[in-house]
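Please read the structure below before turning to the comments.
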Amino acid sequence: MADTDILRVENLNVWFQMREGFFKDLLAKKQRYAKAVDGVSFNIKKGEIFCLVGESGCGKTTTGKGILRLIEPTSGSVIFADEKEDKVMGDLIKSVEKTYETEERIGKFAFFGSLFASLATIAMSINLALTIVNLGENELVRILLGLACLFEAPILFASSRRYNRALKAIQEKTRAIITLEDGRPALDVRKLDRSELTYARQRIQMIFQDPYESLNPKMTVFDIVAEPLVVNKICKNEKEKEDRVKKALNDAGLRPPEFFMWRYPHQVSGGQRQRVGIAGTLVLDPSLLVADEPISMLDVSIRGDILKLMLDLRDKKRLTYLFITHDLSVAYVFSDRIGVMYLGRIVEMGPTEKIIKNPKHPYTQALITVVPKPDPTAKEEKIILKGERPDPTNIPKGCRFHPRCPYVMEICEHEQPAETEVEAGHWAECFLLTPEIVDKWNKEWAVKKEEEKMKKITAPITPKDKEKKKK
Amino acid sequence: MVKSTKIEQSKVLKFLIIIACFFLLVGIAEAFNWGLTTSNMEYTGAFLVGFAAILMAAAFLKFIKESASQRMVALILLIVTVVTVTLPLAILGLLAPGSVRELEFNVVTMMMDGIVIALVGYVFLILMFVSISDLIGKSRVHGIEKLMGPARAEKVRLANDRLKKIWKQYSTNRAGVFALIVLIIITTIAVIGPFLAPEEPLQPKIPESLTPQPPSDRHWFGTDSEDKDVWSQFLYGAKTSLIVGILAGLISLIIGTVIGLVAGYFGRVWDEVLMRLTDFFLVIPWFPLMIVLVAILGRSLWIVIFVIGIVSWSPTARVVRASVLSIKEKMYIERSRALGAKTSHIIRRHIFPNVFPLIVATSILLVAEAIFSEAFLAFFGLGDPNVVGWGWMLERAHDQSAMLNLWWWWILPPAVGIIVLIMSFYLVGDTLDEILNPRLKRR
């Protein structure tokens, strides 16, 4: 199971529309977007801990939420594949197939509806014709036809709309379930219907950052942990529910469960709160956990415990983590692979050892040098990035890191660097890694510039240019 | 097998208790209503109450069988209940001279009686249940746990603790406690008032004198210009005020809460449309609106209740919306959504429980406003002429120019009644607001 992918994110985009006012939006030629996540692709293997690292506001959390569709992604695909003989997956496939059938049936029905409607339209026109020519003697027929006309418009409208929607749904859904290369059924979370998302959410769960905010103060720990069971209507009776909650609390290290079960969130400590949050995700027996900075709000003394718990759970329950953090040292200790995000894009990705020991992207290098070292005598040059983080509404042209990059070249301002494989499984997006491309481009650019210069010289001098010169 | 029989047993017990409560309520209602009016129905009330007592005894004895001492506690409680509530009711039902006071069979009055009695009975039952479970909890007997399973029992216990905490905070406010006592007294008057009244206000009567008589030992609060007893009218009026207040408050509360929830939670177009509607109702002077509505729809008690409810919901909607807006952004809502929860679940389990304390506090203030509105409408001659109320009394007194003639005994009781009732509602609401509203919370 070690090598199979559990999650593949391909070219995920989460863009938020910028609203500047009704009329401005209407008149604007191009809709402006805040590109929080802009073309993120990665894959996570079963039982792995994949870490998304980056400074705040770079879109790590948005990526996590986009995978769970807590924030609706703009485009891209999120393909989730569990083991072959998974019951939940089977249920999901069955449900999707069932919806296909019903949708098809509705589509057919709608088709006949619109057929009827068009017949009614014909009747209406005949009626109209009869009235005009004044041939119809039978009043009753005419009244009936008139009534038919009355109902015609709404039926036509509704049925055609429904039919279109059904067709669209079928088209969409045929792509929601995919078979991977190794024959496993996988589902594209992004293409699932809202009603079927619950199935996916039983398998993909989220641990939230703030254990103080993410637990309802009016609910007991029991209710909080049992909520996923209630929501997804899993337990048959109270006894089963209680057993599962107890088991989850036990797994999350809240022992004995009876001691914690009937408390309110304010009656347990911060670390225990986070454990409650973890227990709340464990009751459903998920296979992928999206952990959104689960330890950043916790006391330093508890962080290790929570991380240890998460590692234990991985071994015990064969969980896979997508771990989101801004702390590179945590990522180093905890994760198997790291993806470094900058401004909505993964700029470097690879195994933890390689990224930390041999960072290729200047941004990663900067991040690593600023991590505090335990040795006070060790002297190392810290790369402090100049400038501020550009905002996602206005992403710079070319390489998005170029305004802050210490090794900025001319090409960086104009071209987007491609993904380059440095070592096996270690990718980075930087022109420093591909000097031959840079050379080639530089030459072309020099030629281009020369041409432009020539053009400027040969072009007649306009009054505007004169003004510019004066300034 | 053993487990299943246990569950069945507990279900049977639950059922028994529910039936007993039902019989108790019906019995009390019987004793008050029909027991007093028709001679052949006198015994029904007493019989039913007695039956309920037996059933309850059976139920309690069955589910508390941990030890002899607990059984004694239950027995004592039961005896106390029977002696303080059941027996007096039964005796009253037996002794009441039915032929003397024949009420007109008015559906409205009957329903009003029923509602008041049900409310009082409900409060009484809750208190009884709380005290019993408290006793059991203290003596570490898991009677309730057997009855409803450990999960539910623990929940009941937690709710108890919370209630106790609220009461602890409440009892520090002296004005609030005083107002609560006044409210209880007025409610008692409303329930047993018609029974204590020496005469029936709407009954036609040949007057002995056409000028109102000042208070005497025959007429405690004097008489009005038709030689009718003011004391009886006062007693009858308490019920009307209370019923109108509670029902109209409830209607406006429901409308306000629903509109606030929808506007706050769904936002966008819903918010815009519903809030403009709320603004409309907020801005319009609502007394004239009420007068117009009642004038159009007619002068019946139910219409008055309906109109007051329809007109006064806007502040609640605003408060609820504001609160929902802040709760909606909380992380636990997002968590719930990540677990796959639907909108209905989120509203039911997350938003409503967090808004509820606020609603409770506002609702009591709404009741006070509704009482005032009812008196106001009645004073302007827009109340139901067939229902005796304090506003109705004031209107009649005003018509007969009681003010000019200084017939103070006719004006003072209803006026003081209205003021005291509204004041006490306001004080209770204010105290609760202080406890339940997070913004006003001390500490």
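Naming works like this for the structure tokens: A, B, ... for the chains as they're shown, residue 1 at the start of each chain, ligands 1 onward in shown order.
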
List every residue of region 134-284 of chain B that DSSP, applied to the backbone, labels as alpha helix (DSSP H), and write the result as a PyMOL selection string. chain B and resi 134-138+143-171+174-196+230-266+268-283

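Near chain B, counting only C-alpha atoms at 6 Å, the chain A residues are Thr198, Glu213, Ser214, Leu215, Asn216, Pro228 and Val231 of chain A.
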
Save out the residues we just selected, all heavy atoms, as a short mmCIF file (atom, residue, chain, number, x, y, z; two decimals), in the first residue's frame.
```cif
data_model
loop_
_atom_site.label_atom_id
_atom_site.label_comp_id
_atom_site.auth_asym_id
_atom_site.auth_seq_id
_atom_site.Cartn_x
_atom_site.Cartn_y
_atom_site.Cartn_z
N THR A 198 -21.10 14.13 1.19
CA THR A 198 -21.01 13.52 2.53
C THR A 198 -20.19 12.24 2.48
O THR A 198 -19.45 11.95 3.42
CB THR A 198 -22.40 13.21 3.08
OG1 THR A 198 -23.10 12.50 2.09
CG2 THR A 198 -23.13 14.45 3.48
N GLU A 213 -11.99 27.87 18.98
CA GLU A 213 -13.07 28.40 18.15
C GLU A 213 -13.87 27.28 17.50
O GLU A 213 -15.04 27.45 17.19
CB GLU A 213 -12.47 29.28 17.04
CG GLU A 213 -12.29 30.71 17.44
CD GLU A 213 -13.54 31.50 17.15
OE1 GLU A 213 -13.91 31.61 15.99
OE2 GLU A 213 -14.15 32.00 18.12
N SER A 214 -13.22 26.14 17.30
CA SER A 214 -13.87 25.14 16.45
C SER A 214 -14.76 24.18 17.23
O SER A 214 -15.32 23.26 16.64
CB SER A 214 -12.82 24.36 15.65
OG SER A 214 -11.99 23.65 16.53
N LEU A 215 -14.90 24.40 18.54
CA LEU A 215 -15.83 23.56 19.30
C LEU A 215 -16.96 24.43 19.82
O LEU A 215 -16.72 25.47 20.43
CB LEU A 215 -15.12 22.89 20.48
CG LEU A 215 -13.85 22.10 20.15
CD1 LEU A 215 -13.26 21.52 21.42
CD2 LEU A 215 -14.14 21.01 19.17
N ASN A 216 -18.17 23.99 19.58
CA ASN A 216 -19.34 24.76 20.00
C ASN A 216 -19.43 24.77 21.53
O ASN A 216 -19.50 23.72 22.15
CB ASN A 216 -20.59 24.11 19.41
CG ASN A 216 -21.82 24.96 19.63
OD1 ASN A 216 -21.82 25.85 20.46
ND2 ASN A 216 -22.86 24.69 18.87
N PRO A 228 -20.39 14.05 13.75
CA PRO A 228 -20.27 13.44 12.41
C PRO A 228 -21.16 12.21 12.24
O PRO A 228 -21.69 11.99 11.15
CB PRO A 228 -18.80 13.05 12.32
CG PRO A 228 -18.13 13.51 13.54
CD PRO A 228 -19.08 14.24 14.39
N VAL A 231 -24.70 13.59 11.80
CA VAL A 231 -24.85 14.29 10.52
C VAL A 231 -24.95 13.30 9.37
O VAL A 231 -25.79 13.42 8.49
CB VAL A 231 -23.66 15.25 10.32
CG1 VAL A 231 -23.54 15.64 8.88
CG2 VAL A 231 -23.83 16.47 11.18
#
```

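For the pair CA of Phe266 (chain B) and CA of Thr278 (chain B), the interatomic distance is 15.9 Å.
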
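For Thr393 (chain A), the non-local neighbours within 9 Å, defined as residues at least 6 positions apart in the same chain or in other chains and counting only C-alpha atoms, are Phe16, Met18, Arg32, Tyr33, Ala34, Lys35 and Ala36 of chain A.
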
Those same residues - N, CA and C atoms - I'd like them written as a CSV table (one decimal), in the first residue's frame.
```
chain,number,residue,atom,x,y,z
A,16,PHE,N,-11.0,34.1,-6.2
A,16,PHE,CA,-12.1,34.9,-5.6
A,16,PHE,C,-12.4,36.1,-6.5
A,18,MET,N,-13.2,39.7,-7.4
A,18,MET,CA,-13.1,41.0,-6.8
A,18,MET,C,-14.4,41.8,-7.1
A,32,ARG,N,-11.6,41.0,-12.3
A,32,ARG,CA,-10.4,40.8,-11.6
A,32,ARG,C,-10.6,39.7,-10.5
A,33,TYR,N,-9.6,39.0,-10.3
A,33,TYR,CA,-9.6,37.9,-9.3
A,33,TYR,C,-8.5,38.0,-8.3
A,34,ALA,N,-8.8,37.5,-7.1
A,34,ALA,CA,-7.8,37.3,-6.1
A,34,ALA,C,-7.4,35.8,-6.2
A,35,LYS,N,-6.2,35.6,-6.7
A,35,LYS,CA,-5.9,34.2,-7.0
A,35,LYS,C,-5.2,33.6,-5.7
A,36,ALA,N,-6.0,33.1,-4.8
A,36,ALA,CA,-5.5,32.6,-3.6
A,36,ALA,C,-4.7,31.3,-3.8
```

Residues near region 254-271 of chain A, anyone? I mean within 12 Å using only C-alpha atoms, not counting same-chain ones fewer than 6 positions away, as a ChimeraX atom specification. /A:209-226,242-248,277-280,294-307,309 /B:150-159,161-162,332

Close residues, Ile435 (chain B) itself excluded, 12 Å, only C-alpha atoms, min 6 positions apart in chain, as a list of chain:residue names: B:Arg162, B:Leu163, B:Lys165, B:Ile166, B:Trp167, B:Lys168, B:Gln169, B:Tyr170, B:Ser171, B:Thr172, B:Asn173, B:Gly176, B:Pro357, B:Leu358, B:Val360, B:Ala361, B:Val428, B:Gly429, B:Lys441, B:Arg442, B:Arg443

Strand (DSSP E) call set, DSSP backbone run, region 262-445 of chain A, as an MDAnalysis selection string: chainID A and resid 288:292 320:325 337:342 345:351 419:423 426:429

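Counting only C-alpha atoms and comparing B:Leu202, B:Ile284, B:Ile259, B:Leu250, the residue that lies closest to Lys228 (chain B) is B:Leu202.
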
Nearby residues (only C-alpha atoms) at most 8 Å from Met423 (chain B), same-chain spacing under 3 positions excluded, as a list in words: Ala179, Ala368, Ile419, Val420, Tyr426 and Leu427 of chain B

Please dump the current selection as a compact mmCIF listing (two decimals), in the first residue's frame; keep C-alpha atoms.
```
# COMPACT_ATOMS: atom_id res chain seq x y z
CA ALA B 179 -40.76 40.71 40.33
CA ALA B 368 -44.73 43.05 28.78
CA ILE B 419 -48.58 48.63 35.90
CA VAL B 420 -47.45 45.98 38.36
CA TYR B 426 -39.79 44.04 32.60
CA LEU B 427 -37.78 43.42 35.73
```

Excluding Arg190 (chain A) and any residue of its chain fewer than 6 positions from it, enumerate the residues within 10 Å of it, using only C-alpha atoms, and give them as a PDB file with N, CA, C and O atoms, in the first residue's frame.
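The result, stored in result.pdb:
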```
ATOM      1  N   LEU A  12      -5.112  22.804  -9.258  1.00  0.00           N
ATOM      2  CA  LEU A  12      -6.215  23.356  -8.479  1.00  0.00           C
ATOM      3  C   LEU A  12      -6.144  24.876  -8.454  1.00  0.00           C
ATOM      4  O   LEU A  12      -5.094  25.450  -8.169  1.00  0.00           O
ATOM      5  N   GLY A  66     -10.080  23.852  -0.090  1.00  0.00           N
ATOM      6  CA  GLY A  66     -10.532  23.580  -1.459  1.00  0.00           C
ATOM      7  C   GLY A  66     -10.643  22.085  -1.713  1.00  0.00           C
ATOM      8  O   GLY A  66     -11.539  21.624  -2.416  1.00  0.00           O
ATOM      9  N   ILE A  67      -9.723  21.321  -1.114  1.00  0.00           N
ATOM     10  CA  ILE A  67      -9.768  19.864  -1.286  1.00  0.00           C
ATOM     11  C   ILE A  67     -11.052  19.306  -0.675  1.00  0.00           C
ATOM     12  O   ILE A  67     -11.694  18.428  -1.235  1.00  0.00           O
ATOM     13  N   LEU A  68     -11.430  19.853   0.477  1.00  0.00           N
ATOM     14  CA  LEU A  68     -12.660  19.404   1.131  1.00  0.00           C
ATOM     15  C   LEU A  68     -13.898  20.103   0.588  1.00  0.00           C
ATOM     16  O   LEU A  68     -15.008  19.859   1.038  1.00  0.00           O
ATOM     17  N   ARG A  69     -13.675  21.019  -0.300  1.00  0.00           N
ATOM     18  CA  ARG A  69     -14.745  21.850  -0.867  1.00  0.00           C
ATOM     19  C   ARG A  69     -15.474  22.671   0.167  1.00  0.00           C
ATOM     20  O   ARG A  69     -16.688  22.904   0.066  1.00  0.00           O
ATOM     21  N   GLU A  72     -15.260  26.556  -2.498  1.00  0.00           N
ATOM     22  CA  GLU A  72     -15.452  25.923  -3.806  1.00  0.00           C
ATOM     23  C   GLU A  72     -14.293  26.282  -4.734  1.00  0.00           C
ATOM     24  O   GLU A  72     -14.046  27.456  -5.002  1.00  0.00           O
ATOM     25  N   PRO A  73     -13.541  25.278  -5.230  1.00  0.00           N
ATOM     26  CA  PRO A  73     -12.445  25.588  -6.158  1.00  0.00           C
ATOM     27  C   PRO A  73     -12.992  26.087  -7.500  1.00  0.00           C
ATOM     28  O   PRO A  73     -14.085  25.700  -7.910  1.00  0.00           O
ATOM     29  N   THR A  74     -12.208  26.930  -8.150  1.00  0.00           N
ATOM     30  CA  THR A  74     -12.632  27.465  -9.437  1.00  0.00           C
ATOM     31  C   THR A  74     -12.461  26.425 -10.536  1.00  0.00           C
ATOM     32  O   THR A  74     -13.329  26.241 -11.375  1.00  0.00           O
ATOM     33  N   SER A  75     -11.302  25.774 -10.533  1.00  0.00           N
ATOM     34  CA  SER A  75     -11.110  24.718 -11.519  1.00  0.00           C
ATOM     35  C   SER A  75     -10.062  23.748 -11.001  1.00  0.00           C
ATOM     36  O   SER A  75      -9.505  23.929  -9.922  1.00  0.00           O
ATOM     37  N   GLY A  76      -9.766  22.727 -11.775  1.00  0.00           N
ATOM     38  CA  GLY A  76      -8.809  21.723 -11.361  1.00  0.00           C
ATOM     39  C   GLY A  76      -9.513  20.473 -10.884  1.00  0.00           C
ATOM     40  O   GLY A  76     -10.741  20.406 -10.887  1.00  0.00           O
ATOM     41  N   SER A  77      -8.718  19.477 -10.501  1.00  0.00           N
ATOM     42  CA  SER A  77      -9.369  18.267 -10.031  1.00  0.00           C
ATOM     43  C   SER A  77      -8.707  17.772  -8.756  1.00  0.00           C
ATOM     44  O   SER A  77      -7.513  17.945  -8.545  1.00  0.00           O
ATOM     45  N   VAL A  78      -9.537  17.200  -7.897  1.00  0.00           N
ATOM     46  CA  VAL A  78      -9.074  16.629  -6.639  1.00  0.00           C
ATOM     47  C   VAL A  78      -9.470  15.161  -6.680  1.00  0.00           C
ATOM     48  O   VAL A  78     -10.639  14.837  -6.500  1.00  0.00           O
ATOM     49  N   ILE A  79      -8.526  14.297  -6.973  1.00  0.00           N
ATOM     50  CA  ILE A  79      -8.881  12.891  -7.155  1.00  0.00           C
ATOM     51  C   ILE A  79      -8.496  12.111  -5.913  1.00  0.00           C
ATOM     52  O   ILE A  79      -7.345  12.144  -5.469  1.00  0.00           O
ATOM     53  N   PHE A  80      -9.489  11.462  -5.361  1.00  0.00           N
ATOM     54  CA  PHE A  80      -9.281  10.741  -4.115  1.00  0.00           C
ATOM     55  C   PHE A  80      -9.527   9.260  -4.373  1.00  0.00           C
ATOM     56  O   PHE A  80     -10.551   8.885  -4.946  1.00  0.00           O
ATOM     57  N   ALA A 176     -17.010  12.219 -12.567  1.00  0.00           N
ATOM     58  CA  ALA A 176     -16.729  12.258 -11.131  1.00  0.00           C
ATOM     59  C   ALA A 176     -16.090  10.966 -10.644  1.00  0.00           C
ATOM     60  O   ALA A 176     -15.311  10.974  -9.706  1.00  0.00           O
ATOM     61  N   LEU A 197     -21.376  14.726  -1.451  1.00  0.00           N
ATOM     62  CA  LEU A 197     -20.133  15.107  -0.797  1.00  0.00           C
ATOM     63  C   LEU A 197     -19.968  14.424   0.551  1.00  0.00           C
ATOM     64  O   LEU A 197     -18.860  14.186   0.997  1.00  0.00           O
TER      65      LEU A 197
END
```

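Coordinates place CA of Phe208 (chain A) at a distance of 13.0 Å from CA of Lys60 (chain A).
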
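If you look at CA of Lys360 (chain A) and CA of Trp445 (chain A), they are 25.4 Å away from each other.
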
Residue with the minimum atom-to-atom distance to Phe379 (chain B), picked from B:Ala415, B:Ile364, B:Gly298, B:Ser312 with only C-alpha atoms counted, is B:Ala415
